[in-house]
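Here the structure is laid out as structure tokens; the discussion comes afterwards.
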Number of protein chains: 2
Amino acid sequence: MTTTTNARVLEHPTRDQIRLEEVLHALADSVRLRIVRDMARESTELSCSYFDLPVTKSTTTHHFRVLRESGVIQQMYRGTAKLNCLRRSDLDALFPGLLDSVLAAADAQDGRVGETG
Amino acid sequence: MTTTTNARVLEHPTRDQIRLEEVLHALADSVRLRIVRDMARESTELSCSYFDLPVTKSTTTHHFRVLRESGVIQQMYRGTAKLNCLRRSDLDALFPGLLDSVLAAADAQDGRVGETG
DNA sequence: GTCCTCGTACGATAACCATCGTAGTACGGC
DNA sequence: GCCGTACTACGATGGTTATCGTACGAGGAC
């Protein structure tokens, strides 16, 4: 079935459906936290292949889906690529300060662990 | 072996050993988030049995251990009871604003979901 | 000493999850 | 139409976790 229907519709939770526990769970994985940090740093739409992750592509797909379904990121297709961006306004509206403090904490922890130099 | 050694010593991570991912994971469970919120509200040492949780005692023990080993709470024995308190100063020093934003987010979500009526 | 309460340890179990490999679909270039 | 790139779907797998029940230990009350 070479369906030409653009079935490439990605399910996202609405703002009201975003749950704190799921967001925390999404951020509690080091691979996903790294994705989120990269996205916050670039602050533009990035394709999945932009990220150089220490896992295979299928695992990458899995992590992006967890992030999307928890409401942390938004994904959209553009040609063969899939663009990702943080749902900053939604997260900031629901959980003021949460994302920023997580990002700052991750940066601070990198400094503590001392992988940067 | 009825060892009378006070082996009732509880392992806690030092401040430097606390890892953001583990803290987020600890907070990403609804039972544990509830415990943390109750502790933050009372802001005093509470025994495990203070909390009216929808799980059995052994599961409660498990959740308290996860919270302790991730560095979120401190536990100490006093007689037959075990007292718990948040490691606020450690968490605030490592992850400024994180705990407060999580607590505020949990309160806001309660308001949204409207279970308080 | 005898009980009671509080919490732990251990084993079991079922669910979840991070990971992979392979096979497949969607889209753009030629 | 054909191929390559980007990503997905599916099945498998091994590890972690949330849950329970039962049996046990530690300390206080009597």
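Ordering of the structure tokens sets the chain letters (A, B, ...); residue numbers start at 1 within each chain; ligands are numbered from 1 in the order shown.
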
For chain A, work out the contacting residues on chain D at 12 Å, counting only C-alpha atoms (C1' of nucleotides), and write them as number ranges by chain. D: 4-10

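Residue-level contact on chain C: within 9 Å of chain B, counting only C-alpha atoms (C1' of nucleotides), the set is DT5, DC6, DG7 and DT8 of chain C.
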
Starting from chain B, keep only residues with some atom at most 10 Å from an atom of chain A, counting only C-alpha atoms, and report them as a compact mmCIF listing (two decimals) with all heavy atoms, in the first residue's frame.
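The new file out_24.txt reads:
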# COMPACT_ATOMS: atom_id res chain seq x y z
N ASP B 16 28.40 15.99 46.85
CA ASP B 16 29.07 15.87 45.55
C ASP B 16 28.62 14.65 44.76
O ASP B 16 28.79 14.61 43.54
CB ASP B 16 30.59 15.77 45.76
CG ASP B 16 31.21 17.13 46.01
OD1 ASP B 16 30.45 18.12 45.91
OD2 ASP B 16 32.41 17.20 46.30
N GLN B 17 28.08 13.69 45.48
CA GLN B 17 27.69 12.46 44.78
C GLN B 17 26.27 12.52 44.22
O GLN B 17 25.85 11.62 43.51
CB GLN B 17 27.80 11.27 45.74
CG GLN B 17 29.23 10.93 46.11
CD GLN B 17 29.31 9.91 47.23
OE1 GLN B 17 28.38 9.77 48.01
NE2 GLN B 17 30.43 9.22 47.31
N ILE B 18 25.56 13.56 44.55
CA ILE B 18 24.18 13.66 44.08
C ILE B 18 24.18 13.97 42.59
O ILE B 18 24.87 14.88 42.13
CB ILE B 18 23.43 14.75 44.87
CG1 ILE B 18 23.33 14.34 46.34
CG2 ILE B 18 22.05 14.98 44.28
CD1 ILE B 18 22.67 15.37 47.22
N ARG B 19 23.42 13.18 41.84
CA ARG B 19 23.38 13.33 40.39
C ARG B 19 22.00 13.80 39.95
O ARG B 19 20.98 13.28 40.40
CB ARG B 19 23.70 11.99 39.71
CG ARG B 19 25.07 11.46 40.04
CD ARG B 19 26.12 11.96 39.09
NE ARG B 19 25.89 11.49 37.73
CZ ARG B 19 26.18 12.20 36.64
NH1 ARG B 19 26.68 13.41 36.76
NH2 ARG B 19 25.96 11.70 35.45
N LEU B 20 22.00 14.75 39.05
CA LEU B 20 20.74 15.33 38.60
C LEU B 20 19.79 14.29 38.04
O LEU B 20 18.60 14.30 38.38
CB LEU B 20 21.04 16.39 37.54
CG LEU B 20 19.84 17.03 36.85
CD1 LEU B 20 18.96 17.75 37.85
CD2 LEU B 20 20.29 17.98 35.75
N GLU B 21 20.29 13.39 37.21
CA GLU B 21 19.41 12.40 36.61
C GLU B 21 18.72 11.56 37.68
O GLU B 21 17.53 11.23 37.55
CB GLU B 21 20.19 11.49 35.66
CG GLU B 21 20.67 12.19 34.40
CD GLU B 21 22.05 12.80 34.56
OE1 GLU B 21 22.43 13.15 35.71
OE2 GLU B 21 22.75 12.93 33.54
N GLU B 22 19.45 11.21 38.71
CA GLU B 22 18.84 10.39 39.76
C GLU B 22 17.80 11.17 40.56
O GLU B 22 16.78 10.62 40.97
CB GLU B 22 19.92 9.83 40.68
CG GLU B 22 20.71 8.70 40.05
CD GLU B 22 21.79 8.18 40.97
OE1 GLU B 22 21.49 7.93 42.15
OE2 GLU B 22 22.94 8.03 40.52
N VAL B 23 18.08 12.42 40.79
CA VAL B 23 17.11 13.25 41.50
C VAL B 23 15.83 13.37 40.68
O VAL B 23 14.72 13.20 41.20
CB VAL B 23 17.71 14.63 41.80
CG1 VAL B 23 16.63 15.58 42.32
CG2 VAL B 23 18.82 14.50 42.82
N LEU B 24 15.99 13.63 39.40
CA LEU B 24 14.80 13.75 38.54
C LEU B 24 14.04 12.43 38.50
O LEU B 24 12.81 12.41 38.56
CB LEU B 24 15.22 14.16 37.13
CG LEU B 24 15.78 15.57 36.99
CD1 LEU B 24 16.24 15.83 35.56
CD2 LEU B 24 14.74 16.61 37.39
N HIS B 25 14.79 11.34 38.43
CA HIS B 25 14.12 10.04 38.42
C HIS B 25 13.38 9.80 39.73
O HIS B 25 12.26 9.28 39.74
CB HIS B 25 15.15 8.94 38.18
CG HIS B 25 14.58 7.57 38.33
ND1 HIS B 25 14.98 6.69 39.31
CD2 HIS B 25 13.61 6.95 37.64
CE1 HIS B 25 14.26 5.59 39.20
NE2 HIS B 25 13.44 5.70 38.19
N ALA B 26 13.99 10.20 40.83
CA ALA B 26 13.34 10.02 42.12
C ALA B 26 12.04 10.83 42.18
O ALA B 26 11.04 10.37 42.74
CB ALA B 26 14.27 10.43 43.25
N LEU B 27 12.06 12.00 41.60
CA LEU B 27 10.89 12.87 41.66
C LEU B 27 9.85 12.51 40.61
O LEU B 27 8.72 13.00 40.66
CB LEU B 27 11.31 14.33 41.48
CG LEU B 27 12.24 14.90 42.55
CD1 LEU B 27 12.66 16.31 42.18
CD2 LEU B 27 11.55 14.89 43.91
N ALA B 28 10.20 11.66 39.68
CA ALA B 28 9.31 11.36 38.55
C ALA B 28 8.28 10.30 38.88
O ALA B 28 7.57 9.85 37.98
CB ALA B 28 10.13 10.93 37.34
N ASP B 29 8.17 9.89 40.11
CA ASP B 29 7.18 8.90 40.52
C ASP B 29 6.15 9.58 41.40
O ASP B 29 6.49 10.37 42.28
CB ASP B 29 7.88 7.77 41.29
CG ASP B 29 6.90 6.72 41.74
OD1 ASP B 29 6.28 6.91 42.81
OD2 ASP B 29 6.74 5.71 41.04
N SER B 30 4.87 9.27 41.15
CA SER B 30 3.82 10.02 41.83
C SER B 30 3.83 9.77 43.34
O SER B 30 3.58 10.68 44.12
CB SER B 30 2.46 9.68 41.23
OG SER B 30 2.24 8.30 41.28
N LEU B 33 6.82 11.73 44.64
CA LEU B 33 6.57 13.17 44.56
C LEU B 33 5.64 13.61 45.68
O LEU B 33 5.83 14.67 46.29
CB LEU B 33 5.98 13.50 43.18
CG LEU B 33 5.77 14.97 42.87
CD1 LEU B 33 7.05 15.76 42.99
CD2 LEU B 33 5.18 15.14 41.48
N ALA B 93 21.73 24.11 46.82
CA ALA B 93 23.09 24.49 46.44
C ALA B 93 23.47 23.89 45.09
O ALA B 93 24.09 24.54 44.26
CB ALA B 93 24.07 24.03 47.51
N LEU B 94 23.07 22.63 44.89
CA LEU B 94 23.46 21.97 43.65
C LEU B 94 22.60 22.42 42.47
O LEU B 94 23.10 22.66 41.37
CB LEU B 94 23.33 20.45 43.81
CG LEU B 94 24.33 19.78 44.72
CD1 LEU B 94 23.92 18.33 44.96
CD2 LEU B 94 25.71 19.83 44.10
N PHE B 95 21.31 22.50 42.71
CA PHE B 95 20.36 22.75 41.63
C PHE B 95 19.46 23.91 42.02
O PHE B 95 18.28 23.72 42.36
CB PHE B 95 19.51 21.51 41.37
CG PHE B 95 20.27 20.21 41.35
CD1 PHE B 95 19.90 19.16 42.15
CD2 PHE B 95 21.37 20.05 40.51
CE1 PHE B 95 20.59 17.96 42.13
CE2 PHE B 95 22.07 18.85 40.49
CZ PHE B 95 21.68 17.81 41.30
N PRO B 96 19.97 25.12 41.97
CA PRO B 96 19.19 26.26 42.48
C PRO B 96 17.84 26.39 41.78
O PRO B 96 17.77 26.39 40.55
CB PRO B 96 20.09 27.46 42.17
CG PRO B 96 21.46 26.90 42.04
CD PRO B 96 21.27 25.53 41.46
N GLY B 97 16.81 26.47 42.57
CA GLY B 97 15.47 26.68 42.01
C GLY B 97 14.77 25.42 41.57
O GLY B 97 13.55 25.45 41.34
N LEU B 98 15.50 24.33 41.47
CA LEU B 98 14.87 23.12 40.93
C LEU B 98 13.76 22.60 41.83
O LEU B 98 12.62 22.40 41.39
CB LEU B 98 15.93 22.04 40.72
CG LEU B 98 15.41 20.71 40.18
CD1 LEU B 98 14.79 20.89 38.82
CD2 LEU B 98 16.51 19.68 40.12
N LEU B 99 14.08 22.40 43.10
CA LEU B 99 13.08 21.83 43.99
C LEU B 99 11.86 22.74 44.09
O LEU B 99 10.71 22.26 44.03
CB LEU B 99 13.70 21.61 45.38
CG LEU B 99 12.80 20.93 46.40
CD1 LEU B 99 12.34 19.57 45.91
CD2 LEU B 99 13.53 20.78 47.73
N ASP B 100 12.10 24.02 44.21
CA ASP B 100 10.97 24.93 44.33
C ASP B 100 10.09 24.90 43.08
O ASP B 100 8.86 24.92 43.18
CB ASP B 100 11.48 26.36 44.57
CG ASP B 100 11.92 26.55 46.02
OD1 ASP B 100 11.37 25.85 46.89
OD2 ASP B 100 12.80 27.38 46.27
N SER B 101 10.71 24.84 41.92
CA SER B 101 9.88 24.84 40.71
C SER B 101 9.12 23.52 40.57
O SER B 101 7.99 23.51 40.09
CB SER B 101 10.72 25.14 39.47
OG SER B 101 11.78 24.23 39.36
N VAL B 102 9.72 22.44 41.01
CA VAL B 102 9.00 21.17 40.97
C VAL B 102 7.81 21.20 41.93
O VAL B 102 6.70 20.78 41.58
CB VAL B 102 9.94 20.00 41.31
CG1 VAL B 102 9.15 18.72 41.52
CG2 VAL B 102 10.96 19.80 40.21
N LEU B 103 8.04 21.72 43.13
CA LEU B 103 6.95 21.78 44.10
C LEU B 103 5.84 22.70 43.60
O LEU B 103 4.64 22.38 43.70
CB LEU B 103 7.48 22.28 45.44
CG LEU B 103 8.43 21.32 46.16
CD1 LEU B 103 9.07 21.99 47.36
CD2 LEU B 103 7.70 20.05 46.59
N ALA B 104 6.23 23.86 43.05
CA ALA B 104 5.23 24.78 42.52
C ALA B 104 4.48 24.14 41.36
O ALA B 104 3.25 24.29 41.24
CB ALA B 104 5.89 26.08 42.09
N ALA B 105 5.21 23.42 40.52
CA ALA B 105 4.57 22.78 39.38
C ALA B 105 3.58 21.72 39.84
O ALA B 105 2.49 21.57 39.28
CB ALA B 105 5.64 22.15 38.48
N ALA B 106 3.93 20.98 40.87
CA ALA B 106 3.03 19.95 41.39
C ALA B 106 1.76 20.60 41.95
O ALA B 106 0.65 20.11 41.73
CB ALA B 106 3.74 19.13 42.45
N ASP B 107 1.94 21.71 42.67
CA ASP B 107 0.77 22.40 43.19
C ASP B 107 -0.11 22.90 42.05
O ASP B 107 -1.34 22.75 42.08
CB ASP B 107 1.21 23.59 44.06
CG ASP B 107 1.75 23.13 45.42
OD1 ASP B 107 1.49 21.96 45.79
OD2 ASP B 107 2.42 23.93 46.09
N ALA B 108 0.53 23.50 41.05
CA ALA B 108 -0.24 24.03 39.93
C ALA B 108 -0.98 22.91 39.22
O ALA B 108 -2.14 23.07 38.82
CB ALA B 108 0.70 24.76 38.96
N GLN B 109 -0.33 21.79 39.07
CA GLN B 109 -0.97 20.67 38.38
C GLN B 109 -2.16 20.16 39.19
O GLN B 109 -3.20 19.82 38.62
CB GLN B 109 0.04 19.56 38.15
CG GLN B 109 -0.52 18.39 37.42
CD GLN B 109 0.60 17.48 36.92
OE1 GLN B 109 1.17 17.68 35.88
NE2 GLN B 109 0.91 16.48 37.70
N ARG B 112 -4.89 22.40 38.34
CA ARG B 112 -5.41 22.15 37.00
C ARG B 112 -6.29 20.91 36.97
O ARG B 112 -7.41 20.93 36.47
CB ARG B 112 -4.25 21.95 36.02
CG ARG B 112 -3.64 23.22 35.50
CD ARG B 112 -2.80 22.92 34.29
NE ARG B 112 -1.67 22.06 34.59
CZ ARG B 112 -1.28 21.03 33.83
NH1 ARG B 112 -1.92 20.76 32.73
NH2 ARG B 112 -0.24 20.30 34.17
N VAL B 113 -5.75 19.83 37.49
CA VAL B 113 -6.50 18.58 37.46
C VAL B 113 -7.73 18.68 38.35
O VAL B 113 -8.74 18.04 38.11
CB VAL B 113 -5.57 17.42 37.90
CG1 VAL B 113 -6.33 16.12 37.93
CG2 VAL B 113 -4.39 17.32 36.96

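Between atom CA of Arg65 of chain A and atom C1' of DT16 of chain D the interatomic distance comes to 20.2 Å.
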
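Scanning segment 42-105 of chain B with DSSP on the backbone, the strand (DSSP E or B) assignments fall on Leu46, Ser47, Ile73, Gln74, Gln75, Met76, Tyr77, Arg78, Ala81, Lys82, Leu83, Asn84, Cys85 and Leu86 of chain B.
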
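Minimum distance to Leu10 of chain B across B:Val55, B:Met76, B:Ile35, B:Leu86 (counting only C-alpha atoms) occurs at B:Met76.
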
Determine which residues of segment 11-116 of chain B DSSP labels as alpha helix (DSSP H) from the backbone of this structure, then write them out as a PyMOL selection string. chain B and resi 20-27+30-42+57-70+88-94+98-113

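The spacing separating atom C1' of DT22 of chain D from atom CA of Thr56 of chain B amounts to 12.7 Å.
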
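Nearest residue to Thr59 of chain A, choosing from A:Leu91, A:Val31, A:Cys85, A:Leu46 and counting only C-alpha atoms: A:Val31.
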
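Note that atom CA of Ser43 of chain A and atom CA of Pro13 of chain A are 21.1 Å apart.
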
Contacts of DA12 of chain C at 12 Å or less, counting only C-alpha atoms (C1' of nucleotides), minus same-chain residues fewer than 4 places along, as an MDAnalysis selection string? chainID D and resid 19:22
